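Some notes on the structure that comes next.
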Amino acid sequence: MILLWLFGGLAVLLAGARWFVAGVSALARALGVPPLVIGMSVVAFGTSTPELVVNGLSAAKGSTELAFGNVIGSCIVNIGFVLGLTAMAKPLRVEPSLITREIPMLLVSVAAFVVLGNDVYLDGSAANRWTRIDGCILLLFFCIFLYYTTRQALAARPADPFVAEIKAEAAQQVSQPLGIEIAKTVVGLVGVSIGAQWTVDSAVLSARSWGMPEAVIGLTIISLGTTLPELATCIMAARRGEPEIALGNIVGSNIFNLLAIGGLVGTIAPMPLPPGGLWDLGIMALLSAILLPIAIRSERTITREEGSALFLTFAVYLVWRVMHALGGT
């Protein structure tokens, strides 16, 4: 019964997020907001809306372990599961701007998140945690990232994959009567609110009934559920013959998860490092770090073999993490 509530909450959450983002984008278009700005908003916030709402609500309810698991888990799932499966379906071409701009930004985001939470070594604290000051710093980094990428996009070449993704998102927006768009926005907002509530509450109950830490629930079931929009976007991009958009979406989503969502959670409530969290940070940093050499080699193409290796790394770690948690060690 708990699983039904959990999966039902995720389904309502994902559907509500899709309607909400589409409605807000249409309202912005009706108010005369430039298409580039709308496209960038959809790229930055669209597929990560479920993580944003779930983690914000988790932090407000004091379930910071669940929020940590989902923030880090979403990054692990994006690279190991989503990118791995997409590359296995079709090799991903890597544009130079991803190597010189987005992937280095991701590595900076990972480093900032890890360093800010490392209080034991930084100031001799008794435990590692992300404080409200750390959350504000992460949000500041995100604002800088958004400003920088906006300037780059405005001055970018038409072939830039980031601009191509923005144009693709803008092209998918279909104008409907204003009343319908307002209704869609309201229904989406209600769906996001109800779905997030069900998801968080059922995840906490699941953790208690199964004897599993909330962080592991966030790392596994919730992360796999909330990253479904990224998986759908990447598979569709690969099938359209635009695999570079898939990689850009994954990298951008991880930056958003670490800086915007991680910063939001830390600002709402201090987020301590849960038991086993060092392993999660380590595998997240490892998968992020190997993106750059993988992207550079093989004529700037992520091959099926490399995608298989990413997926296998993710699957092995996920099984080990769950068994480790159930074993209580």
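Naming scheme: A, B, ... for chains in displayed order of the structure tokens; residues 1 onward per chain; ligands 1 onward as shown.
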
Closest pair table for region 225-293 of chain A residues within 12 Å of region 97-120 of chain A, only C-alpha atoms, as a Markdown table:
| residue | atom | partner | partner_atom | distance |
| --- | --- | --- | --- | --- |
| A:Glu244 | CA | A:Leu98 | CA | 8.7 |
| A:Ile245 | CA | A:Leu98 | CA | 10.0 |
| A:Ala246 | CA | A:Leu98 | CA | 11.3 |
| A:Leu247 | CA | A:Leu98 | CA | 8.3 |
| A:Gly248 | CA | A:Leu98 | CA | 6.9 |
| A:Asn249 | CA | A:Glu102 | CA | 10.0 |
| A:Ile250 | CA | A:Ile103 | CA | 10.1 |
| A:Val251 | CA | A:Ile103 | CA | 6.6 |
| A:Gly252 | CA | A:Glu102 | CA | 7.2 |
| A:Ser253 | CA | A:Leu106 | CA | 9.6 |
| A:Asn254 | CA | A:Leu106 | CA | 7.1 |
| A:Ile255 | CA | A:Leu106 | CA | 5.5 |
| A:Phe256 | CA | A:Ser109 | CA | 9.1 |
| A:Asn257 | CA | A:Ser109 | CA | 9.6 |
| A:Leu258 | CA | A:Ser109 | CA | 6.6 |
| A:Leu259 | CA | A:Ser109 | CA | 6.6 |
| A:Ala260 | CA | A:Ser109 | CA | 10.3 |
| A:Ile261 | CA | A:Phe113 | CA | 11.2 |
| A:Gly262 | CA | A:Phe113 | CA | 8.0 |
| A:Gly263 | CA | A:Phe113 | CA | 8.9 |
| A:Gly266 | CA | A:Gly117 | CA | 10.0 |
| A:Pro270 | CA | A:Gly117 | CA | 10.3 |
| A:Met271 | CA | A:Gly117 | CA | 8.7 |
| A:Pro272 | CA | A:Gly117 | CA | 8.2 |
| A:Leu273 | CA | A:Gly117 | CA | 7.7 |
| A:Pro274 | CA | A:Gly117 | CA | 11.5 |
| A:Gly277 | CA | A:Gly117 | CA | 11.0 |
| A:Leu278 | CA | A:Val114 | CA | 9.5 |
| A:Trp279 | CA | A:Val114 | CA | 11.9 |
| A:Asp280 | CA | A:Val114 | CA | 10.9 |
| A:Leu281 | CA | A:Val114 | CA | 7.3 |
| A:Gly282 | CA | A:Val114 | CA | 9.2 |
| A:Ile283 | CA | A:Val110 | CA | 11.3 |
| A:Met284 | CA | A:Val110 | CA | 8.3 |
| A:Ala285 | CA | A:Val110 | CA | 6.5 |
| A:Leu286 | CA | A:Val110 | CA | 10.0 |
| A:Leu287 | CA | A:Leu107 | CA | 10.3 |
| A:Ser288 | CA | A:Leu107 | CA | 6.7 |
| A:Ala289 | CA | A:Leu107 | CA | 6.7 |
| A:Ile290 | CA | A:Leu107 | CA | 10.1 |
| A:Leu291 | CA | A:Ile103 | CA | 7.5 |
| A:Leu292 | CA | A:Ile103 | CA | 6.6 |
| A:Pro293 | CA | A:Ile99 | CA | 9.3 |

Q) Can you list every residue in region 231-313 of chain A that DSSP puts in strand (DSSP E or B), as a list in words? A)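 After running DSSP on the backbone, region 231-313 of chain A has strand (DSSP E or B) at Met271, Pro272, Thr301 and Ile302 of chain A.
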
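The shell of residues at most 12 Å from Glu299 (chain A), with only C-alpha atoms counted and near chain neighbours (fewer than 3 positions) removed, consists of Pro91, Leu92, Arg93, Val94, Glu95, Pro96, Pro293, Ile294, Ala295, Ile296, Ile302 and Thr303 of chain A.
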
Q.
If you run DSSP on the backbone here, which positions in region 69-147 of chain A get alpha helix (DSSP H)? Please write them as a ChimeraX atom specification.
A. /A:69-76,84-89,96-97,103-116,119-123,132-147

Q. Which of these, A:Met212, A:Ile180, A:Ala60, A:Ala11, has the shortest distance to Thr226 (chain A) once you count only C-alpha atoms?
A.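 Among A:Met212, A:Ile180, A:Ala60, A:Ala11, it is A:Ala11 that comes nearest to Thr226 (chain A).
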
Q | All residues 12 Å or closer to Val12 (chain A), only C-alpha atoms, same chain fewer than 5 positions away omitted, as number ranges by chain | A | A: 4-7, 17-20, 50, 187-199, 225-226

Q. Quick one: residues within 10 Å of Leu85 (chain A), only C-alpha atoms counted, chain neighbours fewer than 3 positions away excluded, as a ChimeraX atom specification?
A. /A:78-82,88-90,231,234-235,304,307-308,310-311

Q | Ser202 (chain A) environment, 12 Å, only C-alpha atoms, sequence neighbours closer than 6 positions dropped, as a ChimeraX atom specification | A | /A:1-10,54,58,66,195-196,208-210,214,217-218,221-222

Q: Could you check how far CA of Ala67 (chain A) sits from CA of Ala87 (chain A), in Å to one decimal?
A: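 A separation of 28.3 Å between them.
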